[in-house]
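Have a look at the structure below before the remarks.
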Amino acid sequence: MPNQLVECVPNISEGLDLSIIEKISKSCEGIDGVKLLGVEPDADYNRTVITFAGRPESVSKAAFEVIKKSYEQIDMSTHSGEHPRIGAVDVCPFIPLKNISMEECATLARNLAKKVSEELGLPTFLYGAAASSADRELLSDLRKGEYEGLQSRLEKGGPHLPDHGPVKWNSKVAKFGATVIGARNILVAYNVNVDEKDARISKMTGSLIRSSGRLQKKADGRRLRIPGMLDLVQGMGLMLETHGISQVSMNLRDVNLTPMHVAFEAVKAVVNDHGVETCGSELVGLIPLSAMLEAGKWYAEEGVSDDTDLVNAAITGLGLDSISDFVAEERIIEWALLKEGIE
């Protein structure tokens with residue numbers, strides 16, 4: 001089908017060394033049919049989100065180059081950061097944008113995972129729509145124990161061994177770790193800033209608002225899962241030391257079901273009840289225009305309908321420019337692609 005568009009959002013485990021980040025992000029440039037749309041380093045998480053989009057095969061080639069360059073540039077044995085991760089490229093999802101099915105994106109993911117294992121000798125997991133079984137769909141399950149627990153997992157034979165590549169600890173795995181490749185719908189990585197240094201209230205709030213909620217345990221071994229407030233949301237509280245604040249870091253897995261403004265107001269309500277204020281929020285990566293318009297409708301005055309006005313209302317209401325400038329033409333997927341001449 002003509003004019004197919006797919007997005008890819010690799011998350012690499014480097015957020016401090018700008019020269020390394022530049023080498024990795026630029027490795028996908030020069031490939032016909034793909035455009036680099038965003039590079040967002042985070043020093044506290046020691047992690048960078050890279051976003052590019054374009055024609056399916058071109059995007060797949062670009063993803064391979066990013067993984068290859070990350071293997072060359074990042075040594076996980078010396079890495080530390082606040083965000084969970086299992087390897088130098090923690091996760092690499094393909095996301096359908098236009099005229100392409102989820103199953104086609106899953107095929108791209110499966111082919112890339114096999115190529116990475118065969119040509120680079122690295123372990124790869126498949127998740128989301130590309131998962132090899134239902135119990136391997138969630139990224140959080142596949143990276144449980146993170147990089148530090150990977151050697152033990154391989155030596156013990158599980159749980160969750162790689163789909164492709166080595167299942168024994170070796171020098172390559174020690175350097176790179178593993179990568180999780182898959183296909184999913186647009187996921188909004190969204191962090192709400194909380195005016196506290198130690199993340200005490202933020203961690204509590206994360207456990208209350210996330211879909212999985214809290215696990216209550218009794219001395220006799222019985223367990224009870226208490227569901228959280230929001231649907232299809234992953235969340236946790238973290239310190240943001242460079243800014244002297246904390247964050248409730250969330251993945252909104254279906255922004256139509258739980259919009260950004262609902263997540264923001266939920267966090268705000270909980271932390272306010274505990275005597276703490278929110279201080280804006282942060283979007284990681286790019287976001288669809290529809291999500292910004294939906295938030296804008298809540299924060300704008302009644303009757304406002306112009307897209308630009310609604311976007312500006314969302315930026316102000318959510319405090320998306322509280323940590324750094326929020327340039328809508330670069331952060332909204334449809335507007336960024338239009339700016340790069342990809343329609």
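Ordering of the structure tokens sets the chain letters (A, B, ...), residue numbers begin anew at 1 in every chain, and ligands are numbered from 1 in the order given.
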
Just the residues within 6 Å of region 305-311 of chain A, please, counting only C-alpha atoms, with nothing from its chain fewer than 4 positions along; format it as a PyMOL selection string.
-> chain A and resi 292-293+296

Would you mind writing down, as an MDAnalysis selection string, each residue of region 144-235 of chain A that DSSP on the backbone assigns to helix (DSSP H, G or I)?
-> chainID A and resid 147:156 171:176 200:209

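The neighbours of His79 (chain A) here are the residues that come within 10 Å of it, using only C-alpha atoms and leaving out any residue fewer than 3 positions away in the same chain; they are Ser13, Glu14, Asn46, Ile74, Asp75, Met76, Arg85, Gly87, Ala88, Tyr147 and Lys175 of chain A.
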
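Here the question is which of A:Ala178, A:Leu208, A:Leu318, A:Ile20 gets nearest to Leu126 (chain A) using only C-alpha atoms, and that residue is A:Ala178.
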
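The interatomic distance for the pair CA of Asp17 (chain A) and CA of Glu40 (chain A) works out to 12.4 Å.
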
Considering only C-alpha atoms, return as a ChimeraX atom specification whatever protein or nucleic-acid residues lie within 9 Å of region 62-70 of chain A, sequence-local ones (same chain, fewer than 4 positions apart) excluded.
-> /A:8-10,12-13,20-21,23-29,31,34,52,57-58,74-75,88-89,92,112,115-116,120,176,179

Check the DSSP output for the backbone and give back, as a PyMOL selection string, the residues of region 75-263 of chain A in strand (DSSP E).
-> chain A and resi 89-98+124-128+179-183+188-194+214-217+223-226+233-240+245-252

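You can rank A:Ile50, A:Ile287, A:Ala130, A:Leu122 by their closest distance to Cys105 (chain A) using only C-alpha atoms, and at the top of that list sits A:Ala130.
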